[in-house]
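Peer 1: Sharing a structure below in structure tokens format, with a few things to ask.
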Amino acid sequence: MLEEIVKTYLVNAKHIDPAKFDQPKLQVSDFGLDSLDMVEMLFEVEDRCGFQLNDPMRYLDMSFADMLADIESQIRANNNGVLPALTLESGR
Amino acid sequence: MGAISPLGADRHQTFAAALAGNCAIRAAAPEVAKWLPHVVVAPAAANPEQLLDSKYAALDRATQLALVAAHEAMTEAGISGKPEDAHRFGVYAGVGFGGAQTVDSLYERFYTLLHDTSQPGRNPTVMHPLSVPRMMANAPAALVSMRYGLNGPSNTYSVACASSAVALGEAFRAIRDGYLDAAVVLGTEAMLTPGALMAWNALRVMARPNVTDPARSCRPFSKDRNGFVLGEGAAAIVLESEARARARSRQALSELCGYGCSSDADHLTAPSSAEQVRAMRQALADADMQPAQIQYLNAHGTATDAGDVVETQSIRTVFGDAADGLAVSSTKSMHGHLIGASGILEFAISVMALEQGALPPTATLEVPDPRCDLDFVPLTARRNVGVEAVMSNSFAFGGSNVSLVARRYRA
């Protein structure tokens with residue numbers, strides 16, 4: 001679901017071509033996001049998980065898969081190792 | 001010129017509705033009415049978000065309204081993208097309170113999550129990262145400068161009810177004094193939110209609903225007035241130098257020719273006739289005109305007892321013998337008080353009165369206050385009137401007074 005939440009935001013809000021996510025070596029920098037876009041994207045996760053992710057700009061140097069793995073590890077670290085049930089629908 | 005107001009989704013709709021004497025005042029939205037059942041408001045006639053590209057959907061409503069009005073004004077001025085002289089083209093905005101909708105939403109979210117035990121994973125302190133860019137007072141000016149690639153100054157004036165009148169005057173001076181060749185001037189306001197309306201309600205200045213017809217609750221210069229009605233909307237005007245307009249073979253709608261401003265330096269909310277007089281006289285002197293040369297004056301006319309009576313006295317002082325031949329109206333009787341947007345909306349209405357030779361009425365003036373003894377164009381519009389010059393007054397909380405004068409442009 002984490003991957004689905006981020007993808008949905010990128011497709012709907014930033015008009016990223018869904019076919020792009022089929023690339024195995026997809027980099028976060030391939031999306032062409034600026035710093036405001038990055039924090040807006042991460043808010044989709046933060047709003048559901050209840051904490052701010054650390055140092056968002058470092059994700060620009062990561063692959064998309066590594067970014068998702070890092071976000072998941074931060075969520076688990078904030079939830080006693082558990083990944084809570086997330087939904088596509090946000091609370092806003 | 002462009003406008004999205006309680007009276008219409010564009011400037012022509014707005015002026016046609018004003019001439020028809022339509023009053024756009026109604027009960028507040030349910031989320032306000034449940035706390036303040038007596039409050040009436042004048043919402044914009046259209047949802048700006050639906051008139052804009054989806055990339056503007058997340059902006060504050062005040063910025064969206066500004067973008068809609070700016071689009072109409074820039075289109076009418078023949079400007080669709082970045083002008084060649086972008087560094088000589090500025091954005092001047094007037095905003096009273098800025099992103100009220102964003103601020104209200106922020107607190108609503110905080111307290112909702114704080115007390116909502118059904119969503120334990122969510123945190124009231126995690127806010128949307130664009131909250132600040134959305135609520136900052138200069139967001140409308142910034143977005144308009146970005147939309148059209150305007151590299152001149154993008155300045156925002158926050159002078160309460162006089163904000164956009166100051167923006168017009170300062171842009172006028174910047175062009176006249178050679179700092180710029182053109183500017184798009186904006187005024188915008190969108191604060192019909194629960195938090196803002198509760199604050200206004202506390203000031204005891206809001207009109208109670210008219211029992212016969214709530215739409216007619218704003219009653220400037222009337223004996224049965226009981227306060228003003230908060231409205232929302234935006235207006236925009238492209239100002240350019242005569243030389244630039246001539247080089248582009250553009251016909252001017254009119255000439256902005258006089259700007260006066262003063263400060264009471266006395267009281268936060270009570271008006272001062274002496275400084276209102278000074279602002280009007282400054283504007284006339286700036287235009288090198290005599291009072292008798294003005295045919296129509298759009299009054300500040302908010303429908304508060306002190307405001308209406310003092311403005312009447314001030315107009316009599318400035319216009320002297322010419323006061324009895326002057327047509328004065330308060331179009332707030334129809335569109336309410338747009339605070340930061342009121343100055344430019346009412347100036348635009350004044351220019352349209354000049355353009356069309358038709359004077360919008362003080363639409364609710366059924367029982368004139370004997371202390372307000374000018375020709376307030378009561379109830380119905382006056383058409384086929386020769387109008388060569390107009391004045392528009394904006395007097396703000398905080399004691400700022402602004403008068404603007406425009407006249408028919410003659411090459």
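By convention here, the chains of the structure tokens are called A, B, ... in the order presented, each chain's residues are numbered starting at 1, and ligands are numbered starting at 1 in the order presented.
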Only residues of chain A matter here; which ones have an atom within 12 Å of chain B, counting only C-alpha atoms? Give them as a short mmCIF file (atom, residue, chain, number, x, y, z; two decimals) with C-alpha atoms, in the first residue's frame.
Peer 2:
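The result, written out as result-v3.cif:
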```cif
data_model
loop_
_atom_site.label_atom_id
_atom_site.label_comp_id
_atom_site.auth_asym_id
_atom_site.auth_seq_id
_atom_site.Cartn_x
_atom_site.Cartn_y
_atom_site.Cartn_z
CA ASN A 12 -2.56 12.25 -10.12
CA ALA A 13 -0.82 15.35 -8.78
CA LYS A 14 2.40 15.44 -10.80
CA HIS A 15 1.12 13.76 -13.95
CA SER A 35 12.06 20.50 -3.29
CA LEU A 36 8.45 21.63 -2.75
CA ASP A 37 7.18 18.68 -4.84
CA MET A 38 9.29 16.32 -2.74
CA VAL A 39 7.91 17.46 0.62
CA GLU A 40 4.40 17.46 -0.81
CA MET A 41 4.86 13.87 -1.98
CA LEU A 42 6.21 12.76 1.39
CA PHE A 43 3.29 14.44 3.17
CA GLU A 44 1.06 11.78 1.60
CA VAL A 45 2.90 9.30 3.82
CA GLU A 46 3.40 11.59 6.83
CA ASP A 47 -0.30 12.46 7.01
CA ARG A 48 -1.20 8.77 7.30
CA CYS A 49 1.66 7.77 9.62
CA GLY A 50 1.75 10.72 11.99
CA PHE A 51 5.41 11.80 11.84
CA GLN A 52 7.76 13.77 9.60
CA LEU A 53 10.26 11.83 7.48
CA PRO A 56 13.64 14.53 2.35
CA ILE A 75 7.55 3.93 9.58
CA ASN A 78 8.16 4.81 14.67
CA ASN A 79 5.73 1.91 15.25
CA LEU A 83 4.02 -1.44 9.43
CA PRO A 84 0.51 -0.15 10.21
CA ALA A 85 -2.39 -0.73 7.83
CA LEU A 86 -2.42 2.21 5.42
CA THR A 87 -5.22 3.18 3.08
CA SER A 90 -6.15 10.21 3.22
CA GLY A 91 -7.80 11.78 6.23
CA ARG A 92 -7.68 15.32 4.88
#
```
Peer 1: As a ChimeraX atom specification, please: every residue in chain A that a backbone DSSP assignment puts in helix (DSSP H, G or I).
Peer 2: /A:2-14,18-22,28-31,35-49,56-61,64-77
Peer 1: Please list as a PDB file with N, CA and C atoms, in the first residue's frame every residue within 7 Å of B:Ala45, counting only C-alpha atoms and excluding residues in the same chain fewer than 2 positions away.
Peer 2:
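File produced: out.pdb:
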```
ATOM      1  N   SER B   5     -16.723  38.473  -8.630  1.00  0.00           N
ATOM      2  CA  SER B   5     -17.293  39.139  -7.451  1.00  0.00           C
ATOM      3  C   SER B   5     -18.587  38.442  -7.054  1.00  0.00           C
ATOM      4  N   PRO B   6     -19.183  38.873  -5.963  1.00  0.00           N
ATOM      5  CA  PRO B   6     -20.502  38.323  -5.621  1.00  0.00           C
ATOM      6  C   PRO B   6     -21.546  38.583  -6.716  1.00  0.00           C
ATOM      7  N   LEU B   7     -21.303  39.623  -7.519  1.00  0.00           N
ATOM      8  CA  LEU B   7     -22.295  39.979  -8.544  1.00  0.00           C
ATOM      9  C   LEU B   7     -22.095  39.252  -9.863  1.00  0.00           C
ATOM     10  N   GLY B   8     -20.943  38.634 -10.077  1.00  0.00           N
ATOM     11  CA  GLY B   8     -20.727  37.971 -11.361  1.00  0.00           C
ATOM     12  C   GLY B   8     -19.356  37.351 -11.476  1.00  0.00           C
ATOM     13  N   ALA B   9     -19.225  36.436 -12.447  1.00  0.00           N
ATOM     14  CA  ALA B   9     -17.963  35.718 -12.631  1.00  0.00           C
ATOM     15  C   ALA B   9     -16.976  36.481 -13.495  1.00  0.00           C
ATOM     16  N   PRO B  43     -20.934  35.779  -1.012  1.00  0.00           N
ATOM     17  CA  PRO B  43     -19.913  34.911  -1.609  1.00  0.00           C
ATOM     18  C   PRO B  43     -19.683  35.234  -3.089  1.00  0.00           C
TER      19      PRO B  43
END
```
Peer 1: Tell me, in Å to one decimal, how far atom CA of B:Leu338 is from atom CA of B:Glu366.
Peer 2: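 Between these atoms lies a distance of 23.1 Å.
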Peer 1: When you draw a straight line from atom CA of B:Gly178 to atom CA of B:Arg88, how long is it in Å?
Peer 2: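 About the pair atom CA of B:Gly178 and atom CA of B:Arg88: they are 9.5 Å apart.
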Peer 1: Need the shell around stretch 92-100 of chain B: protein/DNA/RNA residues with any atom at most 7 Å away, counting only C-alpha atoms. Skip same-chain ones fewer than 3 positions apart. Format as an MDAnalysis selection string?
Peer 2: chainID B and resid 60 62 103:104 134:137 141 154:161 163:164 167 171 183:191 339:341
Peer 1: I'd like the neighbourhood of B:Met280 as a VMD selection string, where a residue qualifies if any of its atoms comes within 8 Å (using only C-alpha atoms), though same-chain residues fewer than 2 positions away should be ignored.
Peer 2: chain B and resid 260 to 261 276 to 278 282 to 284 318 393 402 to 404
Peer 1: Any chance you could export the current selection's all heavy atoms as a compact mmCIF listing (two decimals), in the first residue's frame?
Peer 2:
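Final output, selection03.txt:
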```
# COMPACT_ATOMS: atom_id res chain seq x y z
N GLY B 260 -4.67 59.93 -3.91
CA GLY B 260 -4.39 60.61 -2.65
C GLY B 260 -4.49 59.63 -1.51
O GLY B 260 -5.33 58.73 -1.53
N CYS B 261 -3.61 59.76 -0.54
CA CYS B 261 -3.72 58.87 0.62
C CYS B 261 -3.25 59.59 1.87
O CYS B 261 -2.36 60.45 1.83
CB CYS B 261 -2.96 57.56 0.42
SG CYS B 261 -1.22 57.71 0.20
N GLN B 276 -9.91 62.13 5.53
CA GLN B 276 -10.63 61.73 4.31
C GLN B 276 -10.62 62.89 3.31
O GLN B 276 -10.39 62.70 2.12
CB GLN B 276 -12.08 61.34 4.64
CG GLN B 276 -12.20 60.05 5.44
CD GLN B 276 -13.65 59.70 5.77
OE1 GLN B 276 -14.58 60.41 5.39
NE2 GLN B 276 -13.83 58.60 6.50
N VAL B 277 -10.87 64.08 3.83
CA VAL B 277 -10.85 65.29 2.99
C VAL B 277 -9.48 65.47 2.35
O VAL B 277 -9.35 65.74 1.15
CB VAL B 277 -11.23 66.53 3.85
CG1 VAL B 277 -10.88 67.82 3.13
CG2 VAL B 277 -12.71 66.47 4.22
N ARG B 278 -8.46 65.25 3.15
CA ARG B 278 -7.09 65.42 2.63
C ARG B 278 -6.82 64.42 1.48
O ARG B 278 -6.24 64.78 0.46
CB ARG B 278 -6.07 65.22 3.75
CG ARG B 278 -4.64 65.59 3.36
CD ARG B 278 -3.69 65.39 4.53
NE ARG B 278 -4.08 66.18 5.69
CZ ARG B 278 -3.71 67.44 5.89
NH1 ARG B 278 -2.91 68.03 5.04
NH2 ARG B 278 -4.12 68.08 6.97
N GLN B 282 -6.04 65.57 -2.25
CA GLN B 282 -4.76 65.14 -2.87
C GLN B 282 -5.00 64.50 -4.23
O GLN B 282 -4.28 64.75 -5.20
CB GLN B 282 -4.08 64.09 -1.99
CG GLN B 282 -3.15 64.60 -0.94
CD GLN B 282 -2.49 63.41 -0.21
OE1 GLN B 282 -2.38 62.31 -0.75
NE2 GLN B 282 -2.09 63.64 1.00
N ALA B 283 -6.01 63.63 -4.30
CA ALA B 283 -6.29 62.93 -5.55
C ALA B 283 -6.70 63.92 -6.64
O ALA B 283 -6.26 63.82 -7.80
CB ALA B 283 -7.38 61.88 -5.34
N LEU B 284 -7.54 64.91 -6.25
CA LEU B 284 -7.96 65.92 -7.24
C LEU B 284 -6.77 66.76 -7.69
O LEU B 284 -6.60 67.05 -8.88
CB LEU B 284 -9.05 66.81 -6.63
CG LEU B 284 -10.43 66.17 -6.49
CD1 LEU B 284 -11.32 67.00 -5.57
CD2 LEU B 284 -11.09 66.01 -7.85
N VAL B 318 -15.20 68.63 0.61
CA VAL B 318 -14.32 68.67 -0.58
C VAL B 318 -15.05 69.27 -1.78
O VAL B 318 -14.48 70.10 -2.51
CB VAL B 318 -13.84 67.23 -0.93
CG1 VAL B 318 -13.12 67.22 -2.27
CG2 VAL B 318 -12.93 66.71 0.17
N ASN B 393 -13.56 56.12 -3.32
CA ASN B 393 -13.00 56.26 -1.97
C ASN B 393 -12.85 54.91 -1.29
O ASN B 393 -13.72 54.04 -1.41
CB ASN B 393 -13.93 57.10 -1.09
CG ASN B 393 -13.83 58.59 -1.39
OD1 ASN B 393 -12.88 59.05 -2.02
ND2 ASN B 393 -14.82 59.34 -0.94
N VAL B 402 -7.85 56.46 1.18
CA VAL B 402 -7.36 56.52 -0.19
C VAL B 402 -8.47 57.00 -1.11
O VAL B 402 -9.62 56.55 -1.01
CB VAL B 402 -6.87 55.13 -0.67
CG1 VAL B 402 -6.43 55.20 -2.14
CG2 VAL B 402 -5.72 54.66 0.20
N SER B 403 -8.12 57.92 -2.00
CA SER B 403 -9.04 58.33 -3.06
C SER B 403 -8.32 58.19 -4.39
O SER B 403 -7.12 58.51 -4.51
CB SER B 403 -9.47 59.79 -2.87
OG SER B 403 -10.37 59.89 -1.80
N LEU B 404 -9.05 57.70 -5.38
CA LEU B 404 -8.52 57.54 -6.73
C LEU B 404 -9.43 58.30 -7.69
O LEU B 404 -10.65 58.31 -7.52
CB LEU B 404 -8.48 56.06 -7.12
CG LEU B 404 -7.55 55.17 -6.29
CD1 LEU B 404 -7.92 53.70 -6.46
CD2 LEU B 404 -6.09 55.41 -6.71
```
Peer 1: Name the residues of stretch 33-114 of chain B that come out as strand (DSSP E) in a backbone DSSP run; write them as a VMD selection string.
Peer 2: chain B and resid 40 to 42 89 to 95
Peer 1: Find the residues around B:Glu346 up to 8 Å (only C-alpha atoms counted), leave out those fewer than 3 positions away in its own chain, and share them as a ChimeraX atom specification.
Peer 2: /B:298,331,342-343,349-350,392
Peer 1: Considering only C-alpha atoms, return as a PyMOL selection string whatever protein or nucleic-acid residues lie within 9 Å of A:Leu60, sequence-local ones (same chain, fewer than 3 positions apart) excluded.
Peer 2: chain A and resi 27-30+33+38+56-57+63+67
Peer 1: Those same residues, written as a short mmCIF file (atom, residue, chain, number, x, y, z; two decimals), in the first residue's frame with C-alpha atoms?
Peer 2:
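Output (again_15.cif):
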```cif
data_model
loop_
_atom_site.label_atom_id
_atom_site.label_comp_id
_atom_site.auth_asym_id
_atom_site.auth_seq_id
_atom_site.Cartn_x
_atom_site.Cartn_y
_atom_site.Cartn_z
CA GLN A 27 15.44 6.87 -9.91
CA VAL A 28 13.56 9.43 -7.80
CA SER A 29 15.33 12.14 -9.82
CA ASP A 30 13.63 10.76 -12.96
CA LEU A 33 10.45 16.97 -8.75
CA MET A 38 9.29 16.32 -2.74
CA PRO A 56 13.64 14.53 2.35
CA MET A 57 16.17 15.84 -0.19
CA SER A 63 16.29 4.76 -6.67
CA MET A 67 13.27 5.39 -1.27
#
```
